[in-house]
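With TSV, C-alpha atoms inside, this is target.tsv:
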chain	number	residue	atom	x	y	z
A	1	MET	CA	43.98	-14.09	-90.49
A	2	ALA	CA	41.26	-15.24	-92.88
A	3	ALA	CA	43.34	-18.17	-94.02
A	4	THR	CA	44.00	-19.26	-90.46
A	5	PHE	CA	40.29	-19.08	-89.64
A	6	ALA	CA	39.41	-21.09	-92.75
A	7	SER	CA	41.90	-23.79	-91.83
A	8	ARG	CA	40.63	-23.72	-88.24
A	9	CYS	CA	37.06	-24.18	-89.58
A	10	SER	CA	38.07	-27.21	-91.60
A	11	ARG	CA	39.98	-28.78	-88.67
A	12	VAL	CA	37.07	-28.29	-86.31
A	13	GLY	CA	34.68	-29.60	-88.94
A	14	ARG	CA	36.72	-32.75	-89.47
A	15	SER	CA	37.00	-33.48	-85.78
A	16	LEU	CA	33.29	-32.91	-85.19
A	17	PHE	CA	31.99	-34.72	-88.26
A	18	GLY	CA	34.76	-37.30	-88.63
A	19	GLY	CA	32.73	-40.04	-86.95
A	20	LEU	CA	29.74	-39.64	-89.25
A	21	SER	CA	29.11	-42.13	-92.00
A	22	ASN	CA	29.06	-41.26	-95.69
A	23	SER	CA	25.27	-41.35	-95.73
A	24	SER	CA	25.11	-37.59	-95.01
A	25	PRO	CA	27.98	-35.95	-96.91
A	26	GLY	CA	26.09	-32.67	-97.39
A	27	LEU	CA	25.85	-31.96	-93.66
A	28	PHE	CA	29.50	-31.03	-93.23
A	29	THR	CA	29.80	-28.95	-96.38
A	30	LYS	CA	26.71	-26.85	-95.67
A	31	SER	CA	27.64	-26.07	-92.08
A	32	HIS	CA	31.25	-25.42	-93.07
A	33	GLU	CA	30.20	-22.99	-95.83
A	34	MET	CA	27.78	-21.21	-93.51
A	35	THR	CA	30.36	-20.75	-90.75
A	36	CYS	CA	33.20	-19.62	-92.98
A	37	GLY	CA	30.91	-17.71	-95.35
A	38	ASN	CA	29.49	-15.61	-92.53
A	39	TYR	CA	32.98	-14.81	-91.26
A	40	PHE	CA	34.25	-13.72	-94.67
A	41	SER	CA	31.18	-11.59	-95.41
A	42	GLN	CA	31.68	-9.79	-92.10
A	43	GLN	CA	35.34	-9.16	-92.94
A	44	GLN	CA	34.43	-7.08	-95.99
A	45	ARG	CA	32.38	-4.54	-94.03
A	46	THR	CA	35.15	-2.22	-92.85
A	47	PHE	CA	36.23	1.36	-93.35
A	48	ILE	CA	37.30	2.53	-96.78
A	49	GLN	CA	41.04	2.69	-96.39
A	50	MET	CA	44.18	2.78	-98.48
A	51	ARG	CA	44.13	0.43	-101.53
A	52	THR	CA	40.35	-0.11	-101.38
A	53	VAL	CA	38.93	-0.39	-104.91
A	54	LEU	CA	35.67	1.56	-105.33
A	55	LYS	CA	33.07	1.80	-108.07
A	56	VAL	CA	32.48	5.23	-109.66
A	57	VAL	CA	28.76	6.03	-110.02
A	58	ASP	CA	28.81	9.19	-112.12
A	59	ASN	CA	29.41	9.99	-115.77
A	60	SER	CA	32.86	11.55	-115.34
A	61	GLY	CA	34.48	8.78	-117.39
A	62	ALA	CA	36.06	6.70	-114.63
A	63	LYS	CA	34.82	3.18	-113.87
A	64	GLN	CA	36.94	2.20	-110.85
A	65	VAL	CA	39.23	4.07	-108.49
A	66	MET	CA	41.61	2.97	-105.75
A	67	CYS	CA	41.73	4.91	-102.51
A	68	ILE	CA	45.07	6.56	-101.80
A	69	GLN	CA	44.16	8.41	-98.61
A	70	ALA	CA	41.09	9.22	-96.53
A	71	LEU	CA	41.13	12.94	-95.78
A	72	LYS	CA	39.34	12.62	-92.45
A	73	GLY	CA	39.88	10.17	-89.64
A	74	LYS	CA	42.70	7.80	-88.83
A	75	LYS	CA	40.85	4.55	-89.50
A	76	GLY	CA	39.41	5.39	-92.89
A	77	ALA	CA	36.45	6.92	-94.71
A	78	ARG	CA	32.73	6.36	-94.24
A	79	LEU	CA	29.60	7.69	-95.95
A	80	GLY	CA	29.99	11.30	-97.05
A	81	ASP	CA	33.74	11.51	-96.42
A	82	THR	CA	36.16	12.81	-99.06
A	83	ILE	CA	39.05	10.64	-100.22
A	84	VAL	CA	41.99	11.00	-102.60
A	85	ALA	CA	41.95	8.25	-105.22
A	86	SER	CA	43.71	7.08	-108.36
A	87	VAL	CA	41.69	6.13	-111.45
A	88	LYS	CA	42.26	2.46	-112.30
A	89	GLU	CA	39.74	1.98	-115.13
A	90	ALA	CA	38.22	4.64	-117.36
A	91	HIS	CA	36.11	5.02	-120.49
A	92	PRO	CA	38.20	6.12	-123.48
A	93	ASN	CA	36.20	9.31	-124.18
A	94	GLY	CA	35.63	10.44	-120.58
A	95	LYS	CA	36.72	13.61	-118.80
A	96	VAL	CA	38.98	11.61	-116.47
A	97	LYS	CA	41.80	9.40	-117.75
A	98	LYS	CA	43.41	6.32	-116.24
A	99	GLY	CA	46.17	7.10	-113.72
A	100	LYS	CA	44.87	10.55	-112.77
A	101	VAL	CA	44.74	11.40	-109.06
A	102	VAL	CA	41.29	12.74	-108.13
A	103	TYR	CA	39.16	13.66	-105.14
A	104	ALA	CA	36.01	11.62	-104.50
A	105	VAL	CA	33.07	11.58	-102.07
A	106	VAL	CA	31.90	8.22	-100.70
A	107	VAL	CA	28.19	7.88	-101.55
A	108	ARG	CA	27.72	4.17	-100.81
A	109	ALA	CA	29.62	2.12	-98.25
A	110	ALA	CA	29.33	-1.53	-97.27
A	111	MET	CA	30.04	-0.63	-93.64
A	112	GLN	CA	26.85	0.16	-91.76
A	113	LYS	CA	26.19	3.62	-90.36
A	114	GLY	CA	23.63	4.38	-87.70
A	115	ARG	CA	20.89	6.94	-88.23
A	116	CYS	CA	19.37	9.13	-85.53
A	117	ASP	CA	16.10	7.17	-85.60
A	118	GLY	CA	17.93	3.98	-84.61
A	119	SER	CA	18.01	2.33	-88.04
A	120	GLN	CA	21.17	1.29	-89.85
A	121	VAL	CA	22.04	2.11	-93.46
A	122	ARG	CA	24.33	-0.28	-95.36
A	123	PHE	CA	24.90	-0.85	-99.08
A	124	ASP	CA	26.10	-3.86	-101.05
A	125	ASP	CA	29.08	-2.08	-102.59
A	126	ASN	CA	31.48	0.80	-102.06
A	127	ALA	CA	30.87	3.64	-104.51
A	128	VAL	CA	32.11	7.20	-104.99
A	129	VAL	CA	31.36	10.35	-106.98
A	130	LEU	CA	34.37	12.25	-108.34
A	131	VAL	CA	34.66	15.89	-107.26
A	132	ASP	CA	37.13	18.73	-107.74
A	133	LYS	CA	39.08	20.45	-104.94
A	134	GLN	CA	36.14	22.73	-104.13
A	135	GLY	CA	33.79	19.74	-103.74
A	136	GLN	CA	31.80	20.26	-106.96
A	137	PRO	CA	31.02	17.03	-108.90
A	138	ILE	CA	32.94	16.44	-112.12
A	139	GLY	CA	30.12	14.47	-113.76
A	140	THR	CA	26.61	15.68	-114.50
A	141	ARG	CA	24.68	12.57	-113.42
A	142	VAL	CA	24.82	10.23	-110.42
A	143	PHE	CA	23.58	6.65	-110.82
A	144	GLY	CA	21.95	4.49	-108.16
A	145	PRO	CA	20.76	5.27	-104.64
A	146	VAL	CA	22.45	7.97	-102.58
A	147	PRO	CA	21.83	8.34	-98.82
A	148	HIS	CA	20.46	11.58	-97.41
A	149	GLU	CA	23.37	11.69	-94.90
A	150	LEU	CA	25.28	13.61	-97.58
A	151	ARG	CA	23.16	16.66	-96.76
A	152	LYS	CA	24.78	16.88	-93.31
A	153	LYS	CA	28.24	16.71	-94.92
A	154	LYS	CA	27.41	19.67	-97.24
A	155	HIS	CA	27.27	17.65	-100.48
A	156	VAL	CA	23.89	18.98	-101.60
A	157	LYS	CA	24.95	19.23	-105.25
A	158	ILE	CA	25.49	15.44	-105.37
A	159	LEU	CA	22.02	14.92	-103.90
A	160	THR	CA	20.44	17.11	-106.59
A	161	LEU	CA	22.18	15.12	-109.35
A	162	ALA	CA	21.12	11.77	-107.88
A	163	GLY	CA	18.02	10.10	-109.19
A	164	HIS	CA	17.12	8.08	-106.11
A	165	ILE	CA	17.76	9.22	-102.52
A	166	ALA	CA	17.83	6.41	-99.94
Could the structure of this file be written out as C-alpha cells, please?
Amino acid sequence: MAATFASRCSRVGRSLFGGLSNSSPGLFTKSHEMTCGNYFSQQQRTFIQMRTVLKVVDNSGAKQVMCIQALKGKKGARLGDTIVASVKEAHPNGKVKKGKVVYAVVVRAAMQKGRCDGSQVRFDDNAVVLVDKQGQPIGTRVFGPVPHELRKKKHVKILTLAGHIA
C-alpha cells in the first residue's frame, strides 16, 4: 500500500510539475517529500500488534522485544495493555536472555490516546516494561516518561519505579 501511494505521489508530481522549467527544481522535491512524508509518518501510528518491535525501558537486561500477542483486544495493544513478547536484543549480564518469551506492559505508544480532559497523549516511540505473570516488574528502575493512565490499569508499581510521570 505504501509503495503504491509513493508511486502515485511521483506520478501526480510529474504530471503537475512536468511543464515547469528547470529554474525551480526544489519546488517539486519539497512538495513531494512533504506529501509522502506526512503519509508515511501517519502510517506508523497504529496499534501495537504482532511482530511490532518495541524498546525496553527498564533495567531487566533486555534492549528490544518483538510482540507475539496482545492479551487484550482484537486489533492490538495500547497504553497500559499487557502483551506477550520475545526478547530480540539483551545485555549479556541481564536477568533476561535473548530468545526468552516474556510478558510486558506498554508504557509508551506512538498511537495517540484521548484523555478525559480532551487532550491527547502520544509518544515518539513504542516502549514496554517487562513484568512477570502476576504483573510485577522484573527490573528495579524505569527510564523515561510514563503516562499516569497506567494507574487506571492497576500498574501502580511501574509508576512508583518511574522517574518522570507524564
Contact residues around Gln69 in chain A with all atoms listed in the file at 6 Å, ignoring same-chain residues under 4 positions, as JSON, numbers by chain: {"A": [50, 83, 84]}
Within 10 Å of (46.5, 3.2, -97.4), all atoms listed in the file: residues as a PyMOL selection string? chain A and resi 48-52+66-70+75-76
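For Pro137 in chain A, the list of residues within 8 Å, based on only C-alpha atoms and with local chain neighbours fewer than 5 positions off taken out, reads Val129, Leu130, Val131, Asp132, Lys157 and Ile158 of chain A.
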Around the point (22.3, 18.1, -108.8), in the coordinates given by the file, pick out the residues reaching within 10 Å, counting only C-alpha atoms, and return them as a list in words. Gln136, Pro137, Gly139, Thr140, Arg141, Val142, His155, Val156, Lys157, Ile158, Leu159, Thr160, Leu161, Ala162 and Gly163 of chain A
May I ask for the distance between CA of Glu149 in chain A and CA of Lys88 in chain A, given in Å to one decimal place?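 That distance, rounded to one decimal, is 27.3 Å.
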Quick one, how far is CA of Ala104 in chain A from CA of Val65 in chain A? 9.1 Å
Report the centre and edge lengths, in Å to one decimal, of an axis-aligned box enclosing every atom of range 114-127 of chain A listed in the file, padded by 5 Å on each side, as lines of an AutoDock Vina configuration file.
center_x = 23.8
center_y = 2.6
center_z = -94.6
size_x = 25.4
size_y = 23.0
size_z = 29.9
Counting only C-alpha atoms, closest pick from A:Leu150, A:Val53, A:Leu79, A:Leu71 relative to Gln112 in chain A is A:Leu79
Which is closer to Ser60 in chain A than all the others in A:Val146, A:Ile138, A:Met111, A:Val101, using all atoms listed in the file?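 Using all atoms listed in the file, Ser60 in chain A sits closest to A:Ile138.
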In terms of the shortest atom-to-atom distance over only C-alpha atoms, which of A:Ala62, A:Arg115, A:Arg151, A:Gln134 is closest to Gly99 in chain A?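 Using only C-alpha atoms, Gly99 in chain A sits closest to A:Ala62.
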Could you list, as an MDAnalysis selection string, every residue within 12 Å of range 117-121 of chain A, counting all atoms listed in the file and ignoring same-chain residues fewer than 3 positions away? chainID A and resid 78:79 107:114 124 145:149 166
Can you tell me how far CA of Pro92 in chain A sits from CA of Gly144 in chain A, in Å to one decimal?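 Answer for the CA of Pro92 in chain A to CA of Gly144 in chain A separation: 22.4 Å.
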Between A:Val96, A:Asn59, A:Phe47, A:Val105, which residue has the minimum interatomic distance to Phe143 in chain A, considering all atoms listed in the file? A:Asn59
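Take the candidates A:Lys63, A:Lys72, A:Lys154, A:Lys98 and check each one against Ser86 in chain A using only C-alpha atoms; the shortest distance goes to A:Lys98.
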Given only C-alpha atoms as the counted atoms, nearest of A:Ala77, A:Cys116, A:Val56, A:Ala85 to Val102 in chain A: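 Among A:Ala77, A:Cys116, A:Val56, A:Ala85, it is A:Ala85 that comes nearest to Val102 in chain A.
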